[in-house]
Amino acid sequence: MSATQAPVHLPPRAPAPPGPSLTDRAWGLIEAIGGVVLLTVRSLRCLLTPPWLSWAPEAVDQAWILIKRCMIPTAISVFVFGYGPVGVEGGLFFKALGQVDRLGSLYSVGAVREYVPWVTGMVVAGVAGTAITADLGARRVREELDALAVMGVDAIRTLVAPRILALMLVLPLLNLVGLVFASLAGVVVELQDHGNFAGYFASFQSGFSTVDMFANVLKTAGFGFLVAIVCCYRGLNAKGGSEGVGRAVNVAVVHSFAAVWLFNFAFNAVYLAAFPGSLSLR
Amino acid sequence: MVVDGRRVPRPAGSGLGGDPAPAIECRGVHKSFGAAPVLADLDLAIPAGSISVILGPSGTGKSVLLKHVIGLLRPDHGEIDVLGEPVSRMARHEIWDLRKRVGILFQDGALFGSMNVFDNVAFPLRQHTDMTETEIEEIVLRRLQDVGLAGAWALMPGQLSGGMRKRVGFARALVLDPEIVLFDEPDSGLDPVRTALLCELILETHERRGGTYVLITHDILSARRVAQFIALLWKGQIQQAGAIEDMLSSEDPFVRQFLSGDCIGPLGMD
Amino acid sequence: MEASAINRKPPAEGLLTEAGDLVGFAGQAFYYAAGAGRYFAEILRQCGILVVGTTLVICGMVTVVGGECGLFVVYGLRPLGATSFAGLATAICGVREMWGYMFAYVFAAKVGCGLVAEIGSMRISEEIDALESVGVDPMRYVVATRLLAVLMTVPFMYAIAMVFGTIGSYLVVVVELHGVSLGQWIALHFSSQTLGDNLLSIVKVTVIATFIALVGMYYGYRARGGPVGVGAATARSMIVNLVMIHVVGAALTTIFWGRSQVPIGG
């Protein structure tokens with residue numbers, strides 16, 4: 001086959017176009033932040049201008065779907081986290097100090113302040129964030145959003161604003177449910193370490209404070225807002241078929257996780273600086 | 001074809017001119033997904049050495065049939081023989097060897113997105129033969145020249161147009177010199193001119209290399225251009241099959257309607 | 001192409017079927033991993049992608065969680081007058097728990113979702129069918145290679161992340177909040193970490209990362225239905241991953257450290 005013909009060589013490769021430079025990436029990040037801010041402003045305008053409450057039915061629908069989807073994963077995750085890391089590690093400390101009966105205060109302080117909003121935020125960002133991005137992304141890629149625009153329907157008013165509201169409402173609610181499960185986990189740990197109910201509940205109550213609860217609700221509402229806005233932005237700007245949707249979901253999840261963590265850190269730092277006594281275990 | 005890691009010329013009698021044993025034979029094939037049967041008691045015999053076209057309205061299970069031939073799906077009942085081997089009853093590891101003798105062009109080319117065009121076409125050679133890189137380079141380049149894409153060897157699939165992707169897929173399907181080549185809707189997403197060019201390419205390649213080509217399409221124009229044998233697939237069965245001259249002069253109302261693209265006849269919107 | 005079958009099984013049965021399918025897939029992936037050595041080039045390529053794409057984000061976020069640990073520890077110990085133990089607390093909090101969870105969250109978001117997206121779109125564009133038709137087993141070439149890449153790179157990535165977690169704790173405890181002097185924090189932080197603890201931590205993270213990768217690849221491999229299908233698969237995989245991170249993490253914590261002692265008072 002090859003003996004009778006001259007050897008063939010590959011033609012020269014065309015120079016590859018340069019990839020995105022650092023400045024391109026930085027500019028891309030600034031654009032993304034700008035886009036998110038713009039989306040926020042537009043959503044607020046939809047929420048605060050007539051027709052009033054046009055977003056309400058969709059928001060209720062979305063809230064219900066969110067609760068259905070996230071309730072069980074959140075409950076399981078919070079309970080298990082409360083039993084494992086908090087229960088085992090915190091329990092170790094308390095056993096070493098001979099203070100097993102006061103485990104309750106660890107739960108009321110640690111749970112309310114820290115880990116329940118944290119875990120709830122993670123689970124909702126993962127579960128609801130991917131769902132929202134996938135939904136909006138698929139609509140964008142199928143040109144459904146374009147079709148809506150042609151029919152004179154504002155996608156932000158009908159799709160984005162309700163989802164933001166739904167998440168801001170549902171996250172604190174899920175958080176409260178999570179608190180119940182966290183306390184349950186604490187009860188299980190307490191019983192396992194041969195403590196007693198009375199001590200647990202007494203120290204739980206003394207560690208509890210209303211200011212903490214308000215801060216908690218505020219923090220989780222903030223989480224909800226951040227997750228919704230990041231995921232809606234990524235979904236609305238998906239492009240490129242199923243691969244594009246997958247990529248958009250991936251980026252959305254990473255960014256919403258990062259946003260939640262950074263917000264968590266900043267909020268905690270500010271709150272603890274303002275109320276330094278709130279973390280002491282009474 | 002590939003034997004023991006080396007390419008050897010195909011033995012006489014499997015090239016052009018027809019051969020008594022059909023290349024692909026389906027007997028009583030039945031397949032359903034859920035409640036609806038997609039293929040129902042299907043009988044088909046594809047003659048060896050010629051270009052066959054399986055025509056049918058959209059969504060009638062043509063692609064499903066193709067996947068059965070190559071062993072990606074198994075029928076619920078019935079048998080499928082490819083080149084004399086009982087594909088429907090072979091174990092998974094036995095089918096690997098058979099796949100080296102069958103090339104398939106998927107609908108959008110199905111190129112491997114992480115490699116460039118050259119590596120895509122070279123992939124089967126690197127996996128299944130012991131050839132040196134120089135030999136591989138030669139063969140791949142010749143395949144790419146055949147489909148007119150030698151200059152694009154360094155591009156990634158994402159940088160190619162739909163038509164280019166199909167041509168690269170064609171080159172890859174041919175690279176092991178298979179005895180059967182299957183085409184899954186090769187004209188989908190192409191404009192009429194490019195469709196015509198692709199048909200020309202298929203005809204030229206078949207003339208030069210022989211083998212059995214099977215095209216799945218619902219475009220009658222392409223079918224008329226390339227087919228030597230036509231089978232009509234409708235309601236999960238082969239309604240009619242035969243040489244193209246016989247089909248074109250058939251009196252059957254269904255055949256006449258479909259081959260002329262007419263509104264009047266037994267076929268409706270559903 | 002295929003007629004889509006609407007699944008009308010009761011939810012519980014559907015869930016069990018899916019769980020069984022997932023376990024079967026995972027078993028297959030490990031079985032085929034034995035023969036994936038011939039694709040070593042592909043394994044290395046996957047390692048490279050993992051390392052380049054994920055390490056920076058992970059290190060950044062583990063720094064943040066290290067800082068979070070430090071915050072909690074200082075404010076918790078200050079009223080007890082026990083801030084001198086800050087080093088001990090950040091070590092236990094970080095090594096055993098928080099760095100691992102943060103790594104797992106980032107891994108699930110970046111790699112887990114990424115795998116579903118990548119393999120899902122390979123499935124949709126028939127690339128996986130194309131591999132089979134060319135005579136290459138996609139379970140080996142696509143799934144097993146990525147599994148091996150994860151097993152090879154995660155221990156090292158986590159080891160690097162641990163450094164950053166320490167830096168994060170240091171920045172918050174010593175620099176920002178002046179809870180404790182540098183010397184005291186370093187002394188306790190490092191003396192309270194045993195080699196065993198650190199190794200167990202790496203094992204825990206590797207186990208969780210393997211789960212995440214397998215779940216992601218499972219949902220990608222079984223994706224169907226275009227963009228909507230890929231999106232739905234990604235959402236579902238995140239649910240499974242997030243619950244599983246917590247369950248497996250808690251289980252491993254209990255197994256590894258449920259009976260251990262806190263090194264206070266000798």
# chains A, B, ... in the order shown; residues from 1 in each chain; ligands from 1
>>> residues_around(residues="Asp137 of chain C", least_positions_apart="4", cutoff="10 Å", atoms="only C-alpha atoms", output="list of chain:residue names")
B:Arg92, B:His93, B:Trp96, C:Tyr32, C:Ala36, C:Ile128, C:Asp129, C:Leu131, C:Glu132, C:Ser133, C:Tyr141, C:Val142, C:Val143
>>> write_last_selection(atoms="N, CA and C atoms", output="PDB file, in the first residue's frame")
ATOM      1  N   ARG B  92     -20.810  -9.438  25.525  1.00  0.00           N
ATOM      2  CA  ARG B  92     -20.299  -8.095  25.300  1.00  0.00           C
ATOM      3  C   ARG B  92     -18.849  -8.102  24.810  1.00  0.00           C
ATOM      4  N   HIS B  93     -18.027  -8.950  25.413  1.00  0.00           N
ATOM      5  CA  HIS B  93     -16.617  -8.905  25.037  1.00  0.00           C
ATOM      6  C   HIS B  93     -16.387  -9.493  23.649  1.00  0.00           C
ATOM      7  N   TRP B  96     -16.768  -6.726  20.826  1.00  0.00           N
ATOM      8  CA  TRP B  96     -15.678  -5.768  20.582  1.00  0.00           C
ATOM      9  C   TRP B  96     -14.963  -6.079  19.273  1.00  0.00           C
TER      10      TRP B  96
ATOM     11  N   TYR C  32     -13.411  -2.312  36.484  1.00  0.00           N
ATOM     12  CA  TYR C  32     -12.733  -1.935  35.254  1.00  0.00           C
ATOM     13  C   TYR C  32     -11.464  -1.147  35.521  1.00  0.00           C
ATOM     14  N   ALA C  36      -7.552  -0.568  33.514  1.00  0.00           N
ATOM     15  CA  ALA C  36      -7.447   0.738  32.874  1.00  0.00           C
ATOM     16  C   ALA C  36      -6.011   1.207  32.750  1.00  0.00           C
ATOM     17  N   ILE C 128     -20.047   8.607  23.795  1.00  0.00           N
ATOM     18  CA  ILE C 128     -19.848   7.338  24.499  1.00  0.00           C
ATOM     19  C   ILE C 128     -20.235   6.172  23.586  1.00  0.00           C
ATOM     20  N   ASP C 129     -21.323   6.331  22.838  1.00  0.00           N
ATOM     21  CA  ASP C 129     -21.684   5.302  21.860  1.00  0.00           C
ATOM     22  C   ASP C 129     -20.593   5.162  20.820  1.00  0.00           C
ATOM     23  N   LEU C 131     -17.406   5.669  21.211  1.00  0.00           N
ATOM     24  CA  LEU C 131     -16.298   4.913  21.795  1.00  0.00           C
ATOM     25  C   LEU C 131     -16.579   3.418  21.733  1.00  0.00           C
ATOM     26  N   GLU C 132     -17.804   3.045  22.118  1.00  0.00           N
ATOM     27  CA  GLU C 132     -18.158   1.629  22.066  1.00  0.00           C
ATOM     28  C   GLU C 132     -18.081   1.114  20.653  1.00  0.00           C
ATOM     29  N   SER C 133     -18.562   1.919  19.703  1.00  0.00           N
ATOM     30  CA  SER C 133     -18.600   1.434  18.322  1.00  0.00           C
ATOM     31  C   SER C 133     -17.215   1.335  17.734  1.00  0.00           C
ATOM     32  N   TYR C 141     -12.362   3.560  29.560  1.00  0.00           N
ATOM     33  CA  TYR C 141     -11.658   4.723  29.021  1.00  0.00           C
ATOM     34  C   TYR C 141     -12.122   6.024  29.662  1.00  0.00           C
ATOM     35  N   VAL C 142     -13.395   6.107  30.005  1.00  0.00           N
ATOM     36  CA  VAL C 142     -13.920   7.350  30.548  1.00  0.00           C
ATOM     37  C   VAL C 142     -14.057   7.293  32.063  1.00  0.00           C
ATOM     38  N   VAL C 143     -14.719   6.251  32.561  1.00  0.00           N
ATOM     39  CA  VAL C 143     -15.067   6.230  33.986  1.00  0.00           C
ATOM     40  C   VAL C 143     -13.896   5.783  34.854  1.00  0.00           C
TER      41      VAL C 143
END
>>> select_by_dssp(residues="segment 102-226 of chain B", states="helix (DSSP H, G or I)", output="ChimeraX atom specification")
/B:117-128,133-146,150-152,157-159,162-174,192-209,220-226
>>> closest_atom_pairs(of="chain A", to="chain C", cutoff="7 Å", atoms="only C-alpha atoms", output="Markdown table")
| residue | atom | partner | partner_atom | distance |
| --- | --- | --- | --- | --- |
| A:Pro73 | CA | C:Val243 | CA | 5.7 |
| A:Ile76 | CA | C:Val243 | CA | 6.8 |
| A:Ser77 | CA | C:His246 | CA | 5.4 |
| A:Val80 | CA | C:Val247 | CA | 5.9 |
| A:Phe81 | CA | C:His246 | CA | 6.0 |
| A:Gly84 | CA | C:Ala250 | CA | 4.2 |
| A:Pro85 | CA | C:Ala250 | CA | 6.1 |
| A:Val88 | CA | C:Gly258 | CA | 5.9 |
| A:Leu92 | CA | C:Val262 | CA | 6.1 |
| A:Phe93 | CA | C:Val262 | CA | 6.4 |
| A:Ala96 | CA | C:Val262 | CA | 6.7 |
| A:Val123 | CA | C:Leu242 | CA | 6.1 |
| A:Gly126 | CA | C:Met238 | CA | 5.6 |
| A:Val127 | CA | C:Ile239 | CA | 5.3 |
| A:Thr130 | CA | C:Ala235 | CA | 4.8 |
| A:Ala131 | CA | C:Ala235 | CA | 5.2 |
| A:Ala134 | CA | C:Gly231 | CA | 4.4 |
| A:Ala138 | CA | C:Val228 | CA | 5.5 |
| A:Gly241 | CA | C:Pro227 | CA | 6.1 |
| A:Ser242 | CA | C:Pro227 | CA | 3.7 |
| A:Glu243 | CA | C:Ser121 | CA | 5.3 |
| A:Val245 | CA | C:Pro227 | CA | 6.2 |
| A:Gly246 | CA | C:Ala117 | CA | 4.3 |
| A:Arg247 | CA | C:Ala117 | CA | 6.3 |
| A:Asn250 | CA | C:Cys113 | CA | 5.3 |
| A:Val253 | CA | C:Ala109 | CA | 5.6 |
| A:Val254 | CA | C:Ala109 | CA | 5.3 |
| A:Phe265 | CA | C:Glu68 | CA | 6.3 |
| A:Leu279 | CA | C:Gly76 | CA | 5.6 |
| A:Ser280 | CA | C:Gly76 | CA | 5.5 |
>>> interface_residues(of="chain B", to="chain C", cutoff="6 Å", atoms="only C-alpha atoms", output="ChimeraX atom specification")
/B:34,59,96,99,110
>>> closest_residue(among="A:Gly240, A:Ala149, A:Val36, A:Met71", to="chain B", atoms="only C-alpha atoms")
A:Gly240
>>> interface_residues(of="chain B", to="chain A", cutoff="8 Å", atoms="only C-alpha atoms", output="number ranges by chain")
B: 137-138, 141, 150-151, 153-154
>>> write_last_selection(atoms="C-alpha atoms", output="mmCIF file, in the first residue's frame")
data_model
loop_
_atom_site.group_PDB
_atom_site.id
_atom_site.type_symbol
_atom_site.label_atom_id
_atom_site.label_comp_id
_atom_site.auth_asym_id
_atom_site.auth_seq_id
_atom_site.Cartn_x
_atom_site.Cartn_y
_atom_site.Cartn_z
ATOM 1 C CA GLU B 137 0.099 9.533 10.115
ATOM 2 C CA GLU B 138 0.034 8.414 6.514
ATOM 3 C CA LEU B 141 -3.837 11.983 6.321
ATOM 4 C CA ALA B 150 -6.351 17.540 5.415
ATOM 5 C CA GLY B 151 -5.638 21.150 6.371
ATOM 6 C CA TRP B 153 -6.056 18.214 11.186
ATOM 7 C CA ALA B 154 -5.067 20.346 14.149
#
>>> closest_residue(among="B:Asp43, B:Glu185, B:Asp146, B:Glu79", to="Leu201 of chain B", atoms="only C-alpha atoms")
B:Asp146
>>> residues_around(residues="segment 22-29 of chain C", least_positions_apart="3", cutoff="10 Å", atoms="only C-alpha atoms", output="PyMOL selection string")
chain C and resi 16-19+32-34+36+139-140+142-148+210-211+213-215+217-219+221
>>> write_last_selection(atoms="C-alpha atoms", output="short mmCIF file (atom, residue, chain, number, x, y, z; two decimals), in the first residue's frame")
data_model
loop_
_atom_site.label_atom_id
_atom_site.label_comp_id
_atom_site.auth_asym_id
_atom_site.auth_seq_id
_atom_site.Cartn_x
_atom_site.Cartn_y
_atom_site.Cartn_z
CA LEU C 16 -34.14 2.00 45.78
CA THR C 17 -33.73 1.08 42.13
CA GLU C 18 -31.57 4.13 41.62
CA ALA C 19 -29.50 3.37 44.70
CA TYR C 32 -12.73 -1.94 35.25
CA ALA C 33 -10.16 0.20 37.04
CA ALA C 34 -8.02 -2.91 37.22
CA ALA C 36 -7.45 0.74 32.87
CA MET C 139 -16.41 2.26 31.29
CA ARG C 140 -12.64 1.79 31.16
CA VAL C 142 -13.92 7.35 30.55
CA VAL C 143 -15.07 6.23 33.99
CA ALA C 144 -12.26 4.10 35.38
CA THR C 145 -9.54 6.53 34.29
CA ARG C 146 -11.24 9.41 36.06
CA LEU C 147 -11.75 7.30 39.17
CA LEU C 148 -8.08 6.44 39.29
CA THR C 210 -14.29 8.97 45.65
CA PHE C 211 -17.99 8.84 46.48
CA ALA C 213 -16.70 11.30 41.74
CA LEU C 214 -18.62 8.04 41.40
CA VAL C 215 -21.98 9.73 41.95
CA MET C 217 -20.02 9.94 36.82
CA TYR C 218 -23.07 7.78 37.41
CA TYR C 219 -25.51 10.59 36.76
CA TYR C 221 -23.34 8.27 32.27
#
>>> residues_around(residues="segment 162-173 of chain B", least_positions_apart="4", cutoff="10 Å", atoms="only C-alpha atoms", output="JSON, numbers by chain")
{"B": [100, 102, 103, 104, 105, 106, 107, 108, 109, 110, 111, 112, 117, 118, 119, 120, 121, 122, 123, 124, 125, 140, 141, 142, 143, 144, 145, 146, 147, 148, 149, 150, 152, 153, 156, 157, 158, 177, 178, 180, 181, 182, 183, 186, 187, 188, 189, 190, 191, 194, 195, 198, 201, 202], "C": [130, 133, 134]}
>>> atom_distance(atom1="atom CA of Gly34 of chain A", atom2="atom CA of Ser21 of chain A")
19.9 Å
>>> residues_around(residues="Leu88 of chain C", least_positions_apart="2", cutoff="6 Å", atoms="only C-alpha atoms", output="number ranges by chain")
C: 85-86, 90-91, 188-189, 192
>>> write_last_selection(atoms="C-alpha atoms", output="compact mmCIF listing (two decimals), in the first residue's frame")
# COMPACT_ATOMS: atom_id res chain seq x y z
CA PHE C 85 -5.89 26.38 74.27
CA ALA C 86 -6.73 28.03 70.97
CA THR C 90 -8.12 24.87 65.87
CA ALA C 91 -6.09 21.73 65.29
CA LEU C 188 -0.26 23.72 70.76
CA HIS C 189 -1.57 23.57 67.21
CA SER C 192 -1.74 18.24 69.39
>>> atom_distance(atom1="atom CA of Ala269 of chain A", atom2="atom CA of Ala75 of chain A")
26.8 Å
